[in-house]
Structures are given as structure tokens and as C-alpha cells.
file target38.cif (mmCIF, C-alpha atoms)
data_coords
loop_
_atom_site.group_PDB
_atom_site.id
_atom_site.type_symbol
_atom_site.label_atom_id
_atom_site.label_comp_id
_atom_site.auth_asym_id
_atom_site.auth_seq_id
_atom_site.Cartn_x
_atom_site.Cartn_y
_atom_site.Cartn_z
ATOM 1 C CA MET C 1 -59.520 -31.707 -48.529
ATOM 2 C CA ARG C 2 -61.835 -33.539 -46.152
ATOM 3 C CA THR C 3 -61.515 -37.295 -45.748
ATOM 4 C CA PHE C 4 -64.693 -39.340 -45.696
ATOM 5 C CA ARG C 5 -64.699 -42.485 -43.562
ATOM 6 C CA ARG C 6 -68.110 -43.935 -44.547
ATOM 7 C CA ILE C 7 -70.074 -43.114 -47.677
ATOM 8 C CA LEU C 8 -73.698 -43.914 -48.444
ATOM 9 C CA HIS C 9 -74.947 -43.780 -52.022
ATOM 10 C CA ALA C 10 -78.733 -43.634 -52.365
ATOM 11 C CA THR C 11 -80.048 -44.837 -55.706
ATOM 12 C CA ASP C 12 -83.433 -45.170 -57.355
ATOM 13 C CA LEU C 13 -81.833 -47.692 -59.755
ATOM 14 C CA SER C 14 -82.554 -45.479 -62.777
ATOM 15 C CA THR C 15 -80.088 -44.646 -65.530
ATOM 16 C CA ALA C 16 -80.097 -41.064 -64.210
ATOM 17 C CA SER C 17 -78.481 -42.337 -60.994
ATOM 18 C CA ARG C 18 -75.444 -43.848 -62.761
ATOM 19 C CA PRO C 19 -73.297 -40.689 -62.617
ATOM 20 C CA ALA C 20 -73.917 -40.487 -58.854
ATOM 21 C CA LEU C 21 -72.823 -44.112 -58.442
ATOM 22 C CA ALA C 22 -69.648 -43.438 -60.417
ATOM 23 C CA ARG C 23 -68.879 -40.425 -58.204
ATOM 24 C CA ALA C 24 -69.599 -42.396 -55.010
ATOM 25 C CA ILE C 25 -67.273 -45.193 -56.142
ATOM 26 C CA ALA C 26 -64.518 -42.699 -57.004
ATOM 27 C CA LEU C 27 -64.826 -40.968 -53.626
ATOM 28 C CA ALA C 28 -64.879 -44.276 -51.745
ATOM 29 C CA ARG C 29 -61.764 -45.472 -53.574
ATOM 30 C CA GLN C 30 -60.006 -42.134 -53.108
ATOM 31 C CA ASN C 31 -60.762 -42.101 -49.362
ATOM 32 C CA ARG C 32 -60.395 -45.878 -48.866
ATOM 33 C CA ALA C 33 -63.873 -45.726 -47.355
ATOM 34 C CA PRO C 34 -66.529 -48.430 -47.338
ATOM 35 C CA LEU C 35 -69.515 -47.680 -49.548
ATOM 36 C CA SER C 36 -73.103 -48.544 -48.651
ATOM 37 C CA ILE C 37 -75.357 -48.595 -51.701
ATOM 38 C CA ALA C 38 -78.973 -48.087 -50.638
ATOM 39 C CA HIS C 39 -82.286 -48.326 -52.444
ATOM 40 C CA ALA C 40 -85.462 -47.198 -50.702
ATOM 41 C CA LEU C 41 -88.556 -49.116 -51.672
ATOM 42 C CA PRO C 42 -91.462 -46.777 -52.334
ATOM 43 C CA LEU C 43 -94.499 -46.855 -50.106
ATOM 44 C CA ALA C 44 -97.319 -49.002 -51.439
ATOM 45 C CA ALA C 45 -99.450 -46.880 -53.716
ATOM 46 C CA TRP C 46 -102.269 -49.360 -54.076
ATOM 47 C CA PRO C 47 -104.963 -49.633 -51.388
ATOM 48 C CA VAL C 48 -105.241 -53.331 -50.575
ATOM 49 C CA GLY C 49 -108.609 -54.964 -50.078
ATOM 50 C CA SER C 50 -110.593 -51.860 -50.974
ATOM 51 C CA GLY C 51 -111.418 -52.896 -54.493
ATOM 52 C CA PHE C 52 -108.268 -51.510 -56.110
ATOM 53 C CA VAL C 53 -105.820 -54.380 -55.684
ATOM 54 C CA ALA C 54 -106.503 -57.799 -54.214
ATOM 55 C CA PRO C 55 -104.110 -58.840 -51.414
ATOM 56 C CA GLY C 56 -102.670 -61.715 -53.495
ATOM 57 C CA THR C 57 -101.956 -59.376 -56.396
ATOM 58 C CA TYR C 58 -100.219 -56.923 -54.087
ATOM 59 C CA GLU C 59 -97.937 -59.697 -52.793
ATOM 60 C CA VAL C 60 -96.966 -60.656 -56.346
ATOM 61 C CA ILE C 61 -96.208 -57.015 -57.198
ATOM 62 C CA ASP C 62 -94.246 -56.551 -53.968
ATOM 63 C CA ARG C 63 -92.132 -59.666 -54.639
ATOM 64 C CA GLY C 64 -91.390 -58.406 -58.149
ATOM 65 C CA VAL C 65 -90.397 -54.942 -56.921
ATOM 66 C CA ARG C 66 -88.121 -56.416 -54.253
ATOM 67 C CA GLU C 67 -86.480 -58.848 -56.701
ATOM 68 C CA HIS C 68 -85.844 -56.023 -59.190
ATOM 69 C CA ALA C 69 -84.304 -53.942 -56.389
ATOM 70 C CA ARG C 70 -82.083 -56.812 -55.204
ATOM 71 C CA LYS C 71 -80.786 -57.412 -58.737
ATOM 72 C CA GLY C 72 -80.102 -53.708 -59.239
ATOM 73 C CA LEU C 73 -78.271 -53.429 -55.931
ATOM 74 C CA THR C 74 -76.261 -56.591 -56.602
ATOM 75 C CA ALA C 75 -75.100 -55.197 -59.954
ATOM 76 C CA ARG C 76 -74.085 -51.881 -58.396
ATOM 77 C CA VAL C 77 -72.214 -53.548 -55.535
ATOM 78 C CA ALA C 78 -70.384 -55.750 -58.056
ATOM 79 C CA ARG C 79 -69.401 -52.647 -60.047
ATOM 80 C CA ALA C 80 -68.012 -50.995 -56.908
ATOM 81 C CA ARG C 81 -66.096 -54.125 -55.910
ATOM 82 C CA ARG C 82 -64.561 -54.406 -59.384
ATOM 83 C CA ALA C 83 -63.276 -50.859 -58.821
ATOM 84 C CA GLY C 84 -61.614 -52.009 -55.593
ATOM 85 C CA VAL C 85 -64.181 -50.569 -53.166
ATOM 86 C CA ARG C 86 -65.608 -52.374 -50.137
ATOM 87 C CA ALA C 87 -69.315 -52.154 -50.868
ATOM 88 C CA THR C 88 -72.522 -53.459 -49.337
ATOM 89 C CA ALA C 89 -76.151 -53.301 -50.412
ATOM 90 C CA LEU C 90 -78.979 -51.909 -48.312
ATOM 91 C CA LEU C 91 -82.588 -52.557 -49.328
ATOM 92 C CA LEU C 92 -84.637 -50.079 -47.327
ATOM 93 C CA ALA C 93 -88.339 -50.273 -46.504
ATOM 94 C CA GLY C 94 -90.727 -48.704 -44.057
ATOM 95 C CA GLY C 95 -91.469 -45.060 -44.734
ATOM 96 C CA ALA C 96 -90.996 -42.340 -47.275
ATOM 97 C CA PRO C 97 -87.814 -42.821 -49.339
ATOM 98 C CA HIS C 98 -86.062 -39.727 -47.958
ATOM 99 C CA GLU C 99 -86.780 -40.875 -44.379
ATOM 100 C CA GLN C 100 -85.414 -44.335 -45.126
ATOM 101 C CA ILE C 101 -82.235 -42.867 -46.634
ATOM 102 C CA LEU C 102 -81.639 -40.547 -43.691
ATOM 103 C CA ARG C 103 -82.244 -43.378 -41.210
ATOM 104 C CA ALA C 104 -79.802 -45.643 -43.099
ATOM 105 C CA ALA C 105 -77.163 -42.895 -43.164
ATOM 106 C CA ARG C 106 -77.462 -42.471 -39.388
ATOM 107 C CA ARG C 107 -77.273 -46.237 -38.783
ATOM 108 C CA ALA C 108 -74.220 -46.564 -41.036
ATOM 109 C CA ARG C 109 -72.685 -43.455 -39.422
ATOM 110 C CA ALA C 110 -72.112 -42.114 -42.939
ATOM 111 C CA ASP C 111 -70.244 -38.858 -43.127
ATOM 112 C CA LEU C 112 -71.270 -38.313 -46.770
ATOM 113 C CA ILE C 113 -74.401 -39.127 -48.755
ATOM 114 C CA VAL C 114 -74.107 -39.214 -52.555
ATOM 115 C CA ILE C 115 -77.428 -39.029 -54.395
ATOM 116 C CA GLY C 116 -78.463 -38.421 -57.974
ATOM 117 C CA THR C 117 -80.987 -35.878 -59.166
ATOM 118 C CA HIS C 118 -83.291 -36.057 -62.152
ATOM 119 C CA GLY C 119 -83.316 -32.304 -62.607
ATOM 120 C CA ARG C 120 -87.089 -32.035 -62.582
ATOM 121 C CA SER C 121 -88.636 -28.642 -62.288
ATOM 122 C CA GLY C 122 -92.016 -26.998 -62.399
ATOM 123 C CA PHE C 123 -95.148 -29.105 -62.241
ATOM 124 C CA SER C 124 -93.405 -32.511 -62.354
ATOM 125 C CA LYS C 125 -91.300 -31.554 -59.318
ATOM 126 C CA VAL C 126 -94.405 -30.420 -57.434
ATOM 127 C CA LEU C 127 -96.274 -33.589 -58.421
ATOM 128 C CA LEU C 128 -93.465 -36.085 -57.833
ATOM 129 C CA GLY C 129 -91.480 -34.258 -55.167
ATOM 130 C CA SER C 130 -87.751 -34.539 -54.837
ATOM 131 C CA VAL C 131 -86.195 -37.162 -52.614
ATOM 132 C CA ALA C 132 -82.767 -35.599 -53.141
ATOM 133 C CA GLU C 133 -84.033 -32.172 -52.100
ATOM 134 C CA ARG C 134 -85.500 -33.561 -48.880
ATOM 135 C CA VAL C 135 -82.307 -35.488 -48.111
ATOM 136 C CA VAL C 136 -80.209 -32.339 -48.631
ATOM 137 C CA ARG C 137 -82.513 -30.318 -46.404
ATOM 138 C CA LEU C 138 -82.708 -32.834 -43.541
ATOM 139 C CA ALA C 139 -79.388 -34.700 -43.497
ATOM 140 C CA SER C 140 -77.028 -34.299 -40.579
ATOM 141 C CA CYS C 141 -73.969 -34.893 -42.790
ATOM 142 C CA PRO C 142 -72.845 -33.411 -46.118
ATOM 143 C CA VAL C 143 -74.820 -34.467 -49.202
ATOM 144 C CA LEU C 144 -73.331 -34.496 -52.694
ATOM 145 C CA THR C 145 -75.950 -34.308 -55.442
ATOM 146 C CA VAL C 146 -74.963 -35.444 -58.920
ATOM 147 C CA ARG C 147 -77.156 -34.511 -61.838
ATOM 148 C CA GLY C 148 -78.207 -37.360 -64.106
ATOM 149 C CA ARG C 149 -77.462 -37.065 -67.796
#
call {"tool": "encode", "arguments": {"input": "target38.cif", "output": "C-alpha cells"}}
result
Amino acid sequence: MRTFRRILHATDLSTASRPALARAIALARQNRAPLSIAHALPLAAWPVGSGFVAPGTYEVIDRGVREHARKGLTARVARARRAGVRATALLLAGGAPHEQILRAARRARADLIVIGTHGRSGFSKVLLGSVAERVVRLASCPVLTVRGR
């Protein structure tokens, strides 16, 4: 069986991503590997200053999104550490989520990415896309996908 030296777990902080976190923690403990737990902030979906969202409102929303992400990452890192895993949090920003995840994996020199899937299909997959699918297709290291419940 292959030994993994550095593992990156990408999470959207949803309940569907919990099984992937559990698997990433188990693999990190089994391989005595450090675990980076990453959350990619979505690109801003609201045009600022064009009548949709005022700049001040956008800043309030952005602060709230970042604080929610920090709390979620902190809880997941604490869970990994309680399991005896060396874990760190990565809050990613600056591009599409799959690009941020791939960039973080390269920077961390991860030799495994663990990511959850929602199991969407049909129209919702076309409409929302699949970050996990793009990561699998473009990653330079193995990617383990774990289906959410």
C-alpha cells in the first residue's frame, strides 16, 4: 500500500463533506502525515457598485463569509488534532474554488487530495458544476473522492 506524506482535505464546510474529513483524518493518522484542511472561498457573485450591492454591504457580507469559514476550519482542525493528527487550516481566496484547491495542493506538496462529493447529477450538476470533478480531472496527484451521506 502506498504511503502518503502530505494530505490535503478540501471542504465546502457542509454536512456532506463530513465523511471526507473522517477519511482524511484516518489516512493522515495511518500514514503519520500532516493534514492541511482547506476551504476555498467562492468568487463574489454580487456586482459591486452597479446597483446590485453597495460596496459597504459587500464588505459586511464578505466579513461574515470569512468568519463562518474560519470557525468551520477551526472546528475541523480541532477534530483532527483530537484524533492525534497534525493539522493546519488553509482559507483560500482568489479564483475559482477548484483552482484554489489545486494551487494549495501544489504549494503544500500534497501527494493526496481528499474531497467530498454531493452526488449531484443532471441539471443541478450542469447548473452548479462540480468542484470535485474538476479537481479530479486537473490534479497532479491522486484524488480520493468520498460521497456525502
call {"tool": "closest_residue", "arguments": {"input": "target38.cif", "among": "C:Arg103, C:Leu8, C:Leu91, C:Val136", "to": "Thr117 in chain C", "atoms": "all atoms listed in the file"}}
result
C:Val136
call {"tool": "resolve_selection", "arguments": {"input": "target38.cif", "expression": "the PyMOL selection byres ((chain C and resi 143) around 8)", "output": "ChimeraX atom specification"}}
result
/C:112-115,135-136,139,141-142,144-145
call {"tool": "resolve_selection", "arguments": {"input": "target38.cif", "expression": "the PyMOL selection byres ((chain C and resi 15) around 12)", "output": "JSON, numbers by chain"}}
result
{"C": [11, 12, 13, 14, 16, 17, 18, 19, 20, 21, 22, 72, 76, 116, 117, 118, 147, 148, 149]}
call {"tool": "residues_around", "arguments": {"input": "target38.cif", "residues": "Ile101 in chain C", "least_positions_apart": "3", "cutoff": "10 Å", "atoms": "all atoms listed in the file", "output": "ChimeraX atom specification"}}
result
/C:8-11,38-40,90,92-93,95-98,104-107,113,115,131-132,135,139
call {"tool": "atom_distance", "arguments": {"input": "target38.cif", "atom1": "CA of Val85 in chain C", "atom2": "CA of Arg29 in chain C"}}
result
5.7 Å
call {"tool": "resolve_selection", "arguments": {"input": "target38.cif", "expression": "the PyMOL selection byres ((chain C and resi 74) around 12)", "output": "PDB file with C-alpha atoms, keeping the file's coordinate frame"}}
result
ATOM      1  CA  LEU C  13     -81.833 -47.692 -59.755  1.00  0.00           C
ATOM      2  CA  SER C  36     -73.103 -48.544 -48.651  1.00  0.00           C
ATOM      3  CA  ILE C  37     -75.357 -48.595 -51.701  1.00  0.00           C
ATOM      4  CA  ALA C  38     -78.973 -48.087 -50.638  1.00  0.00           C
ATOM      5  CA  HIS C  39     -82.286 -48.326 -52.444  1.00  0.00           C
ATOM      6  CA  GLU C  67     -86.480 -58.848 -56.701  1.00  0.00           C
ATOM      7  CA  HIS C  68     -85.844 -56.023 -59.190  1.00  0.00           C
ATOM      8  CA  ALA C  69     -84.304 -53.942 -56.389  1.00  0.00           C
ATOM      9  CA  ARG C  70     -82.083 -56.812 -55.204  1.00  0.00           C
ATOM     10  CA  LYS C  71     -80.786 -57.412 -58.737  1.00  0.00           C
ATOM     11  CA  GLY C  72     -80.102 -53.708 -59.239  1.00  0.00           C
ATOM     12  CA  LEU C  73     -78.271 -53.429 -55.931  1.00  0.00           C
ATOM     13  CA  ALA C  75     -75.100 -55.197 -59.954  1.00  0.00           C
ATOM     14  CA  ARG C  76     -74.085 -51.881 -58.396  1.00  0.00           C
ATOM     15  CA  VAL C  77     -72.214 -53.548 -55.535  1.00  0.00           C
ATOM     16  CA  ALA C  78     -70.384 -55.750 -58.056  1.00  0.00           C
ATOM     17  CA  ARG C  79     -69.401 -52.647 -60.047  1.00  0.00           C
ATOM     18  CA  ALA C  80     -68.012 -50.995 -56.908  1.00  0.00           C
ATOM     19  CA  ARG C  81     -66.096 -54.125 -55.910  1.00  0.00           C
ATOM     20  CA  ALA C  87     -69.315 -52.154 -50.868  1.00  0.00           C
ATOM     21  CA  THR C  88     -72.522 -53.459 -49.337  1.00  0.00           C
ATOM     22  CA  ALA C  89     -76.151 -53.301 -50.412  1.00  0.00           C
ATOM     23  CA  LEU C  90     -78.979 -51.909 -48.312  1.00  0.00           C
ATOM     24  CA  LEU C  91     -82.588 -52.557 -49.328  1.00  0.00           C
TER      25      LEU C  91
END
call {"tool": "closest_residue", "arguments": {"input": "target38.cif", "among": "C:Ile7, C:Gln100, C:Leu41, C:Ala33", "to": "Gly64 in chain C", "atoms": "all atoms listed in the file"}}
result
C:Leu41
call {"tool": "atom_distance", "arguments": {"input": "target38.cif", "atom1": "CA of Val146 in chain C", "atom2": "CA of Ala24 in chain C"}}
result
9.6 Å
call {"tool": "atom_distance", "arguments": {"input": "target38.cif", "atom1": "CA of Arg134 in chain C", "atom2": "CA of Leu43 in chain C"}}
result
16.1 Å
call {"tool": "closest_residue", "arguments": {"input": "target38.cif", "among": "C:Arg66, C:Ile61, C:Arg86, C:Arg109", "to": "Arg32 in chain C", "atoms": "all atoms listed in the file"}}
result
C:Arg86
call {"tool": "build_atoms", "arguments": {"input": "target38.cif", "residues": "range 59-83 of chain C", "atoms": "N, CA and C atoms", "output": "compact mmCIF listing (two decimals), in the coordinates of the input"}}
result
# COMPACT_ATOMS: atom_id res chain seq x y z
N GLU C 59 -99.10 -58.89 -53.18
CA GLU C 59 -97.94 -59.70 -52.79
C GLU C 59 -97.08 -60.05 -54.00
N VAL C 60 -97.71 -60.35 -55.13
CA VAL C 60 -96.97 -60.66 -56.35
C VAL C 60 -96.20 -59.41 -56.81
N ILE C 61 -96.86 -58.28 -56.80
CA ILE C 61 -96.21 -57.02 -57.20
C ILE C 61 -95.05 -56.71 -56.26
N ASP C 62 -95.28 -56.84 -54.96
CA ASP C 62 -94.25 -56.55 -53.97
C ASP C 62 -93.03 -57.45 -54.16
N ARG C 63 -93.25 -58.74 -54.40
CA ARG C 63 -92.13 -59.67 -54.64
C ARG C 63 -91.34 -59.24 -55.87
N GLY C 64 -92.06 -58.84 -56.93
CA GLY C 64 -91.39 -58.41 -58.15
C GLY C 64 -90.56 -57.15 -57.94
N VAL C 65 -91.12 -56.19 -57.21
CA VAL C 65 -90.40 -54.94 -56.92
C VAL C 65 -89.15 -55.23 -56.10
N ARG C 66 -89.28 -56.08 -55.09
CA ARG C 66 -88.12 -56.42 -54.25
C ARG C 66 -87.04 -57.17 -55.03
N GLU C 67 -87.45 -58.09 -55.91
CA GLU C 67 -86.48 -58.85 -56.70
C GLU C 67 -85.74 -57.91 -57.67
N HIS C 68 -86.47 -57.01 -58.30
CA HIS C 68 -85.84 -56.02 -59.19
C HIS C 68 -84.83 -55.19 -58.41
N ALA C 69 -85.20 -54.75 -57.22
CA ALA C 69 -84.30 -53.94 -56.39
C ALA C 69 -83.07 -54.74 -56.00
N ARG C 70 -83.24 -55.99 -55.59
CA ARG C 70 -82.08 -56.81 -55.20
C ARG C 70 -81.11 -56.98 -56.37
N LYS C 71 -81.65 -57.25 -57.55
CA LYS C 71 -80.79 -57.41 -58.74
C LYS C 71 -80.04 -56.12 -59.05
N GLY C 72 -80.74 -55.00 -58.97
CA GLY C 72 -80.10 -53.71 -59.24
C GLY C 72 -79.01 -53.40 -58.24
N LEU C 73 -79.28 -53.67 -56.97
CA LEU C 73 -78.27 -53.43 -55.93
C LEU C 73 -77.08 -54.36 -56.10
N THR C 74 -77.34 -55.62 -56.41
CA THR C 74 -76.26 -56.59 -56.60
C THR C 74 -75.34 -56.14 -57.74
N ALA C 75 -75.91 -55.66 -58.82
CA ALA C 75 -75.10 -55.20 -59.95
C ALA C 75 -74.26 -53.99 -59.57
N ARG C 76 -74.82 -53.08 -58.79
CA ARG C 76 -74.08 -51.88 -58.40
C ARG C 76 -72.98 -52.20 -57.40
N VAL C 77 -73.24 -53.12 -56.48
CA VAL C 77 -72.21 -53.55 -55.54
C VAL C 77 -71.08 -54.23 -56.29
N ALA C 78 -71.42 -55.08 -57.26
CA ALA C 78 -70.38 -55.75 -58.06
C ALA C 78 -69.53 -54.73 -58.81
N ARG C 79 -70.15 -53.70 -59.34
CA ARG C 79 -69.40 -52.65 -60.05
C ARG C 79 -68.42 -51.95 -59.10
N ALA C 80 -68.88 -51.65 -57.89
CA ALA C 80 -68.01 -51.00 -56.91
C ALA C 80 -66.85 -51.91 -56.51
N ARG C 81 -67.15 -53.18 -56.31
CA ARG C 81 -66.10 -54.12 -55.91
C ARG C 81 -65.07 -54.31 -57.01
N ARG C 82 -65.52 -54.32 -58.27
CA ARG C 82 -64.56 -54.41 -59.38
C ARG C 82 -63.63 -53.21 -59.40
N ALA C 83 -64.10 -52.08 -58.89
CA ALA C 83 -63.28 -50.86 -58.82
C ALA C 83 -62.40 -50.85 -57.57
